[in-house]
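**Q** Sharing structure37.tsv, TSV, N, CA and C atoms:
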```
chain	number	residue	atom	x	y	z
A	1	GLU	N	-6.05	-6.66	-37.67
A	1	GLU	CA	-4.94	-6.24	-38.51
A	1	GLU	C	-5.49	-5.43	-39.69
A	2	VAL	N	-4.83	-4.32	-39.99
A	2	VAL	CA	-5.19	-3.48	-41.14
A	2	VAL	C	-4.22	-3.81	-42.27
A	3	ARG	N	-4.78	-3.96	-43.47
A	3	ARG	CA	-3.96	-4.29	-44.63
A	3	ARG	C	-4.17	-3.28	-45.75
A	4	PHE	N	-3.06	-2.91	-46.39
A	4	PHE	CA	-3.09	-2.04	-47.56
A	4	PHE	C	-2.41	-2.78	-48.69
A	5	GLN	N	-3.13	-3.01	-49.76
A	5	GLN	CA	-2.62	-3.76	-50.91
A	5	GLN	C	-2.04	-5.10	-50.47
A	6	GLY	N	-2.73	-5.76	-49.53
A	6	GLY	CA	-2.35	-7.09	-49.08
A	6	GLY	C	-1.26	-7.14	-48.03
A	7	LYS	N	-0.70	-6.00	-47.64
A	7	LYS	CA	0.39	-5.97	-46.66
A	7	LYS	C	-0.08	-5.28	-45.39
A	8	ALA	N	0.43	-5.74	-44.25
A	8	ALA	CA	0.05	-5.15	-42.97
A	8	ALA	C	0.45	-3.68	-42.93
A	9	LEU	N	-0.42	-2.88	-42.38
A	9	LEU	CA	-0.16	-1.44	-42.25
A	9	LEU	C	-0.19	-1.09	-40.77
A	10	ASP	N	0.91	-0.55	-40.28
A	10	ASP	CA	0.96	-0.16	-38.87
A	10	ASP	C	1.08	1.36	-38.76
A	11	ARG	N	1.40	1.83	-37.61
A	11	ARG	CA	1.55	3.26	-37.31
A	11	ARG	C	0.24	4.02	-37.47
A	12	LEU	N	-0.88	3.36	-37.21
A	12	LEU	CA	-2.16	4.05	-37.29
A	12	LEU	C	-2.39	4.80	-36.00
A	13	ASN	N	-2.90	6.01	-36.14
A	13	ASN	CA	-3.02	6.93	-35.02
A	13	ASN	C	-4.34	7.68	-35.17
A	14	GLU	N	-4.99	7.99	-34.08
A	14	GLU	CA	-6.22	8.77	-34.11
A	14	GLU	C	-7.28	8.12	-35.00
A	15	LEU	N	-8.04	7.23	-34.41
A	15	LEU	CA	-9.09	6.52	-35.13
A	15	LEU	C	-10.42	7.22	-34.96
A	16	GLU	N	-11.22	7.22	-36.01
A	16	GLU	CA	-12.56	7.82	-35.97
A	16	GLU	C	-13.51	6.90	-36.74
A	17	TRP	N	-14.69	6.67	-36.18
A	17	TRP	CA	-15.72	5.85	-36.81
A	17	TRP	C	-16.63	6.76	-37.62
A	18	ILE	N	-16.66	6.57	-38.96
A	18	ILE	CA	-17.48	7.42	-39.83
A	18	ILE	C	-18.25	6.52	-40.79
A	19	ASP	N	-19.55	6.55	-40.67
A	19	ASP	CA	-20.43	5.80	-41.58
A	19	ASP	C	-20.02	4.34	-41.75
A	20	GLY	N	-19.73	3.67	-40.65
A	20	GLY	CA	-19.41	2.24	-40.70
A	20	GLY	C	-18.00	1.90	-41.12
A	21	LYS	N	-17.15	2.91	-41.26
A	21	LYS	CA	-15.74	2.69	-41.63
A	21	LYS	C	-14.85	3.32	-40.56
A	22	ILE	N	-13.65	2.79	-40.46
A	22	ILE	CA	-12.66	3.35	-39.53
A	22	ILE	C	-11.74	4.25	-40.32
A	23	TRP	N	-11.63	5.49	-39.88
A	23	TRP	CA	-10.69	6.44	-40.49
A	23	TRP	C	-9.52	6.58	-39.53
A	24	ALA	N	-8.31	6.55	-40.06
A	24	ALA	CA	-7.12	6.65	-39.22
A	24	ALA	C	-6.01	7.37	-39.97
A	25	ASN	N	-5.30	8.22	-39.25
A	25	ASN	CA	-4.15	8.80	-39.93
A	25	ASN	C	-2.95	7.87	-39.74
A	26	VAL	N	-2.09	7.86	-40.74
A	26	VAL	CA	-0.87	7.06	-40.69
A	26	VAL	C	0.20	7.97	-40.09
A	27	TRP	N	0.66	7.63	-38.89
A	27	TRP	CA	1.55	8.47	-38.12
A	27	TRP	C	2.77	8.92	-38.91
A	28	LYS	N	3.06	10.20	-38.79
A	28	LYS	CA	4.20	10.86	-39.44
A	28	LYS	C	4.09	10.88	-40.96
A	29	THR	N	2.85	10.83	-41.48
A	29	THR	CA	2.60	11.00	-42.91
A	29	THR	C	1.43	11.96	-43.06
A	30	PRO	N	1.21	12.48	-44.26
A	30	PRO	CA	0.04	13.32	-44.49
A	30	PRO	C	-1.20	12.51	-44.91
A	31	PHE	N	-1.17	11.19	-44.72
A	31	PHE	CA	-2.24	10.34	-45.22
A	31	PHE	C	-3.22	9.89	-44.14
A	32	ILE	N	-4.49	9.85	-44.53
A	32	ILE	CA	-5.54	9.22	-43.74
A	32	ILE	C	-6.02	8.03	-44.55
A	33	VAL	N	-6.21	6.90	-43.88
A	33	VAL	CA	-6.75	5.72	-44.56
A	33	VAL	C	-8.15	5.45	-44.04
A	34	VAL	N	-8.98	4.93	-44.94
A	34	VAL	CA	-10.33	4.51	-44.59
A	34	VAL	C	-10.31	2.99	-44.63
A	35	VAL	N	-10.72	2.37	-43.53
A	35	VAL	CA	-10.58	0.93	-43.36
A	35	VAL	C	-11.95	0.27	-43.24
A	36	ASP	N	-12.16	-0.80	-43.99
A	36	ASP	CA	-13.36	-1.61	-43.86
A	36	ASP	C	-13.27	-2.33	-42.51
A	37	ALA	N	-14.22	-2.06	-41.63
A	37	ALA	CA	-14.17	-2.60	-40.27
A	37	ALA	C	-14.32	-4.12	-40.24
A	38	GLU	N	-14.96	-4.70	-41.21
A	38	GLU	CA	-15.15	-6.15	-41.23
A	38	GLU	C	-13.93	-6.90	-41.75
A	39	THR	N	-13.28	-6.36	-42.78
A	39	THR	CA	-12.17	-7.07	-43.41
A	39	THR	C	-10.80	-6.58	-42.98
A	40	GLY	N	-10.72	-5.34	-42.50
A	40	GLY	CA	-9.42	-4.74	-42.16
A	40	GLY	C	-8.68	-4.18	-43.35
A	41	ASP	N	-9.31	-4.23	-44.53
A	41	ASP	CA	-8.66	-3.72	-45.75
A	41	ASP	C	-8.85	-2.21	-45.89
A	42	VAL	N	-7.79	-1.53	-46.33
A	42	VAL	CA	-7.88	-0.10	-46.64
A	42	VAL	C	-8.67	0.04	-47.93
A	43	THR	N	-9.73	0.85	-47.89
A	43	THR	CA	-10.58	1.04	-49.07
A	43	THR	C	-10.33	2.38	-49.74
A	44	SER	N	-9.76	3.33	-49.01
A	44	SER	CA	-9.46	4.65	-49.57
A	44	SER	C	-8.26	5.24	-48.85
A	45	VAL	N	-7.54	6.10	-49.56
A	45	VAL	CA	-6.43	6.86	-48.98
A	45	VAL	C	-6.68	8.32	-49.28
A	46	ILE	N	-6.59	9.15	-48.25
A	46	ILE	CA	-6.81	10.59	-48.40
A	46	ILE	C	-5.47	11.29	-48.17
A	47	ASP	N	-5.04	12.04	-49.16
A	47	ASP	CA	-3.77	12.77	-49.10
A	47	ASP	C	-4.06	14.16	-48.54
A	48	CYS	N	-3.59	14.42	-47.33
A	48	CYS	CA	-3.79	15.72	-46.67
A	48	CYS	C	-2.54	16.59	-46.75
A	49	GLY	N	-1.69	16.31	-47.72
A	49	GLY	CA	-0.43	17.05	-47.86
A	49	GLY	C	-0.62	18.54	-47.99
A	50	SER	N	-1.62	18.97	-48.76
A	50	SER	CA	-1.82	20.41	-48.93
A	50	SER	C	-2.30	21.06	-47.64
A	51	LEU	N	-3.03	20.32	-46.82
A	51	LEU	CA	-3.47	20.82	-45.53
A	51	LEU	C	-2.28	21.01	-44.60
A	52	VAL	N	-1.39	20.04	-44.58
A	52	VAL	CA	-0.18	20.13	-43.76
A	52	VAL	C	0.67	21.32	-44.21
A	53	GLU	N	0.82	21.49	-45.52
A	53	GLU	CA	1.58	22.63	-46.05
A	53	GLU	C	0.97	23.95	-45.62
A	54	ASP	N	-0.36	24.04	-45.66
A	54	ASP	CA	-1.04	25.28	-45.26
A	54	ASP	C	-0.78	25.58	-43.78
A	55	ALA	N	-0.86	24.57	-42.94
A	55	ALA	CA	-0.61	24.77	-41.51
A	55	ALA	C	0.84	25.17	-41.27
A	56	ARG	N	1.77	24.56	-41.98
A	56	ARG	CA	3.19	24.89	-41.81
A	56	ARG	C	3.54	26.28	-42.33
A	57	ALA	N	2.73	26.81	-43.24
A	57	ALA	CA	2.99	28.16	-43.76
A	57	ALA	C	2.89	29.20	-42.65
A	58	SER	N	2.03	28.94	-41.66
A	58	SER	CA	1.90	29.89	-40.56
A	58	SER	C	2.89	29.62	-39.44
A	59	ASN	N	3.36	28.37	-39.34
A	59	ASN	CA	4.31	28.02	-38.30
A	59	ASN	C	5.09	26.78	-38.74
A	60	PRO	N	6.34	26.94	-39.15
A	60	PRO	CA	7.11	25.79	-39.64
A	60	PRO	C	7.41	24.75	-38.57
A	61	ASP	N	7.16	25.07	-37.30
A	61	ASP	CA	7.46	24.14	-36.21
A	61	ASP	C	6.31	23.22	-35.84
A	62	ILE	N	5.18	23.31	-36.54
A	62	ILE	CA	4.08	22.43	-36.19
A	62	ILE	C	4.46	20.99	-36.43
A	63	ASP	N	3.74	20.11	-35.77
A	63	ASP	CA	4.06	18.68	-35.87
A	63	ASP	C	3.03	17.99	-36.76
A	64	VAL	N	2.93	16.69	-36.63
A	64	VAL	CA	2.19	15.83	-37.55
A	64	VAL	C	0.67	15.99	-37.48
A	65	LEU	N	0.04	15.63	-38.58
A	65	LEU	CA	-1.41	15.48	-38.64
A	65	LEU	C	-1.78	14.37	-37.67
A	66	ASN	N	-2.71	14.64	-36.74
A	66	ASN	CA	-3.11	13.56	-35.83
A	66	ASN	C	-4.46	13.77	-35.18
A	67	GLY	N	-5.31	14.57	-35.79
A	67	GLY	CA	-6.62	14.79	-35.22
A	67	GLY	C	-7.71	14.65	-36.26
A	68	ILE	N	-8.63	13.71	-36.05
A	68	ILE	CA	-9.76	13.50	-36.95
A	68	ILE	C	-11.02	13.55	-36.10
A	69	ALA	N	-11.98	14.37	-36.50
A	69	ALA	CA	-13.26	14.43	-35.80
A	69	ALA	C	-14.38	14.47	-36.82
A	70	TRP	N	-15.47	13.80	-36.51
A	70	TRP	CA	-16.62	13.73	-37.40
A	70	TRP	C	-17.84	14.24	-36.65
A	71	ASP	N	-18.48	15.26	-37.20
A	71	ASP	CA	-19.72	15.81	-36.66
A	71	ASP	C	-20.87	15.09	-37.34
A	72	THR	N	-21.47	14.14	-36.65
A	72	THR	CA	-22.54	13.34	-37.26
A	72	THR	C	-23.78	14.16	-37.57
A	73	SER	N	-24.08	15.15	-36.75
A	73	SER	CA	-25.28	15.97	-36.98
A	73	SER	C	-25.19	16.75	-38.28
A	74	ASN	N	-24.06	17.39	-38.51
A	74	ASN	CA	-23.88	18.22	-39.71
A	74	ASN	C	-23.12	17.51	-40.82
A	75	ARG	N	-22.66	16.27	-40.54
A	75	ARG	CA	-21.89	15.48	-41.51
A	75	ARG	C	-20.68	16.28	-42.02
A	76	GLU	N	-19.90	16.77	-41.06
A	76	GLU	CA	-18.71	17.55	-41.39
A	76	GLU	C	-17.47	16.89	-40.79
A	77	LEU	N	-16.38	16.94	-41.54
A	77	LEU	CA	-15.11	16.37	-41.13
A	77	LEU	C	-14.18	17.49	-40.68
A	78	TYR	N	-13.51	17.27	-39.55
A	78	TYR	CA	-12.56	18.24	-39.02
A	78	TYR	C	-11.21	17.55	-38.84
A	79	LEU	N	-10.15	18.25	-39.24
A	79	LEU	CA	-8.79	17.71	-39.12
A	79	LEU	C	-7.89	18.73	-38.45
A	80	THR	N	-6.94	18.24	-37.67
A	80	THR	CA	-5.94	19.09	-37.04
A	80	THR	C	-4.69	18.25	-36.80
A	81	GLY	N	-3.72	18.85	-36.16
A	81	GLY	CA	-2.47	18.14	-35.89
A	81	GLY	C	-1.86	18.58	-34.58
A	82	LYS	N	-0.80	17.90	-34.22
A	82	LYS	CA	-0.10	18.22	-32.98
A	82	LYS	C	0.54	19.60	-33.08
A	83	LEU	N	0.20	20.45	-32.14
A	83	LEU	CA	0.69	21.83	-32.06
A	83	LEU	C	0.14	22.74	-33.16
A	84	TRP	N	-0.87	22.29	-33.88
A	84	TRP	CA	-1.46	23.15	-34.91
A	84	TRP	C	-2.29	24.23	-34.21
A	85	PRO	N	-2.27	25.45	-34.74
A	85	PRO	CA	-2.99	26.54	-34.08
A	85	PRO	C	-4.50	26.53	-34.34
A	86	TRP	N	-4.98	25.69	-35.25
A	86	TRP	CA	-6.41	25.66	-35.55
A	86	TRP	C	-6.85	24.29	-36.05
A	87	VAL	N	-8.17	24.18	-36.20
A	87	VAL	CA	-8.80	22.97	-36.73
A	87	VAL	C	-9.38	23.32	-38.09
A	88	TYR	N	-9.20	22.43	-39.07
A	88	TYR	CA	-9.73	22.65	-40.42
A	88	TYR	C	-11.04	21.90	-40.61
A	89	ARG	N	-12.05	22.57	-41.14
A	89	ARG	CA	-13.26	21.88	-41.60
A	89	ARG	C	-12.99	21.50	-43.04
A	90	VAL	N	-13.14	20.22	-43.37
A	90	VAL	CA	-12.69	19.70	-44.65
A	90	VAL	C	-13.85	19.14	-45.46
A	91	VAL	N	-13.84	19.47	-46.75
A	91	VAL	CA	-14.75	18.85	-47.72
A	91	VAL	C	-13.88	18.02	-48.64
A	92	LEU	N	-14.19	16.74	-48.76
A	92	LEU	CA	-13.37	15.85	-49.58
A	92	LEU	C	-13.84	15.86	-51.02
A	93	ASP	N	-12.88	15.86	-51.92
A	93	ASP	CA	-13.13	15.79	-53.35
A	93	ASP	C	-12.72	14.39	-53.80
A	94	ARG	N	-13.69	13.58	-54.17
A	94	ARG	CA	-13.40	12.18	-54.53
A	94	ARG	C	-12.74	12.14	-55.90
A	95	LYS	N	-11.49	11.67	-55.92
A	95	LYS	CA	-10.72	11.55	-57.15
A	95	LYS	C	-10.11	10.16	-57.22
A	96	THR	N	-9.84	9.72	-58.40
A	96	THR	CA	-9.11	8.47	-58.57
A	96	THR	C	-7.65	8.83	-58.80
A	97	PRO	N	-6.76	8.40	-57.90
A	97	PRO	CA	-5.35	8.76	-58.07
A	97	PRO	C	-4.73	8.04	-59.25
A	98	PRO	N	-3.65	8.59	-59.80
A	98	PRO	CA	-2.93	7.89	-60.86
A	98	PRO	C	-2.48	6.52	-60.37
A	99	GLU	N	-2.38	5.57	-61.27
A	99	GLU	CA	-1.97	4.21	-60.92
A	99	GLU	C	-0.67	4.23	-60.12
A	100	GLY	N	-0.68	3.56	-58.98
A	100	GLY	CA	0.53	3.45	-58.16
A	100	GLY	C	0.81	4.65	-57.28
A	101	LYS	N	-0.01	5.69	-57.34
A	101	LYS	CA	0.24	6.90	-56.56
A	101	LYS	C	0.35	6.60	-55.07
A	102	PHE	N	-0.50	5.72	-54.59
A	102	PHE	CA	-0.48	5.41	-53.17
A	102	PHE	C	0.03	4.01	-52.92
A	103	GLY	N	1.19	3.70	-53.48
A	103	GLY	CA	1.81	2.41	-53.24
A	103	GLY	C	2.15	2.25	-51.77
A	104	PHE	N	2.32	1.04	-51.32
A	104	PHE	CA	2.57	0.77	-49.91
A	104	PHE	C	3.73	1.57	-49.36
A	105	THR	N	4.78	1.77	-50.14
A	105	THR	CA	5.94	2.51	-49.65
A	105	THR	C	5.62	3.97	-49.41
A	106	SER	N	4.55	4.49	-50.04
A	106	SER	CA	4.15	5.88	-49.79
A	106	SER	C	3.55	6.05	-48.41
A	107	LEU	N	3.00	4.98	-47.87
A	107	LEU	CA	2.37	5.07	-46.56
A	107	LEU	C	3.37	4.71	-45.50
```
Let me see whether you can do it: turn the structure in this file into structure tokens.
**A**
Amino acid sequence: EVRFQGKALDRLNELEWIDGKIWANVWKTPFIVVVDAETGDVTSVIDCGSLVEDARASNPDIDVLNGIAWDTSNRELYLTGKLWPWVYRVVLDRKTPPEGKFGFTSL
């Protein structure tokens, strides 16, 4: 079971193992969660909203974010979605979100 802020989190889609953690997108949202494999607790939330907006700018009919790939050799993250015309190579910027930004209802 995966838990976010003590509550069960479902609708996880497209799992990827990265550096001992499970990365999963939350279906029909722009969020990816990073899950501690031992405890099942979400340790980070990644907001990919700007990536989804960029993809929709070229085609408003694209569907949800649902592709996560990790290149272990080059340590690069790739993201895509259903019916997206391309794959994005992503560099993450570690930020602390404002308090409550990623409340359970946001996921």
**Q** Work out how far apart atom N of A:Asn25 and atom N of A:Trp86 are and give it in Å to one decimal.
**A**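 Computing the Euclidean distance for atom N of A:Asn25 and atom N of A:Trp86 yields 17.9 Å.
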**Q** Hey, can you check how far atom N of A:Asn66 sits from atom N of A:Trp17?
**A**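 These atoms are spaced 14.4 Å apart.
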**Q** Using only N, CA and C atoms, which residue out of A:Leu65, A:Phe31, A:Pro60, A:Lys21 lies closest to A:Ile46?
**A**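 Nearest to A:Ile46: A:Phe31.
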**Q** Find the residues near A:Val35: any atom within 8 Å, counting only N, CA and C atoms, skip ones fewer than 6 places away on the same chain, and give them as a list in words.
**A** Val2, Arg3, Gly20, Lys21, Ile22, Trp23, Ala24, Asp41, Val42, Thr43, Ser44 and Val45 of chain A
**Q** Any idea what the distance is between atom C of A:Asn74 and atom C of A:Ser58?
**A**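 Taking atom C of A:Asn74 and atom C of A:Ser58, their separation equals 28.7 Å.
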**Q** Within stretch 16-105 of chain A, find each residue whose DSSP state, derived from the backbone, is alpha helix (DSSP H), and express the selection as a compact mmCIF listing (two decimals) with N, CA and C atoms, keeping the file's coordinate frame.
**A**
```txt
# COMPACT_ATOMS: atom_id res chain seq x y z
N GLY A 49 -1.69 16.31 -47.72
CA GLY A 49 -0.43 17.05 -47.86
C GLY A 49 -0.62 18.54 -47.99
N SER A 50 -1.62 18.97 -48.76
CA SER A 50 -1.82 20.41 -48.93
C SER A 50 -2.30 21.06 -47.64
N LEU A 51 -3.03 20.32 -46.82
CA LEU A 51 -3.47 20.82 -45.53
C LEU A 51 -2.28 21.01 -44.60
N VAL A 52 -1.39 20.04 -44.58
CA VAL A 52 -0.18 20.13 -43.76
C VAL A 52 0.67 21.32 -44.21
N GLU A 53 0.82 21.49 -45.52
CA GLU A 53 1.58 22.63 -46.05
C GLU A 53 0.97 23.95 -45.62
N ASP A 54 -0.36 24.04 -45.66
CA ASP A 54 -1.04 25.28 -45.26
C ASP A 54 -0.78 25.58 -43.78
N ALA A 55 -0.86 24.57 -42.94
CA ALA A 55 -0.61 24.77 -41.51
C ALA A 55 0.84 25.17 -41.27
N ARG A 56 1.77 24.56 -41.98
CA ARG A 56 3.19 24.89 -41.81
C ARG A 56 3.54 26.28 -42.33
N ALA A 57 2.73 26.81 -43.24
CA ALA A 57 2.99 28.16 -43.76
C ALA A 57 2.89 29.20 -42.65
N SER A 58 2.03 28.94 -41.66
CA SER A 58 1.90 29.89 -40.56
C SER A 58 2.89 29.62 -39.44
```
**Q** Which residue out of A:Asp10, A:Asp36, A:Asp63, A:Asp19 has the minimum interatomic distance to A:Thr80 when all atoms listed in the file are used?
**A**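 Of all the options, A:Asp63 lies closest to A:Thr80.
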**Q** Please identify all polymer residues within 8 Å of A:Trp70, counting all atoms listed in the file, omitting same-chain residues fewer than 6 positions from it, and present them as a list in words.
**A**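 After dropping sequence-adjacent residues, the list is Glu16, Trp17, Ile18, Glu76, Leu77, Tyr78 and Leu79 of chain A.
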**Q** Given the point (-9.1, 13.2, -36.4) in the file's coordinates, find the residues that have an atom at most 6 Å from it, counting only C-alpha atoms, and give them as an MDAnalysis selection string.
**A** chainID A and resid 14 67:69 79
**Q** Looking only at the backbone, which of the residues in chain A does DSSP tag as strand (DSSP E), as an MDAnalysis selection string?
**A** chainID A and resid 3:4 7:8 12:18 21:26 31:36 42:47 65:71 76:81 88:90
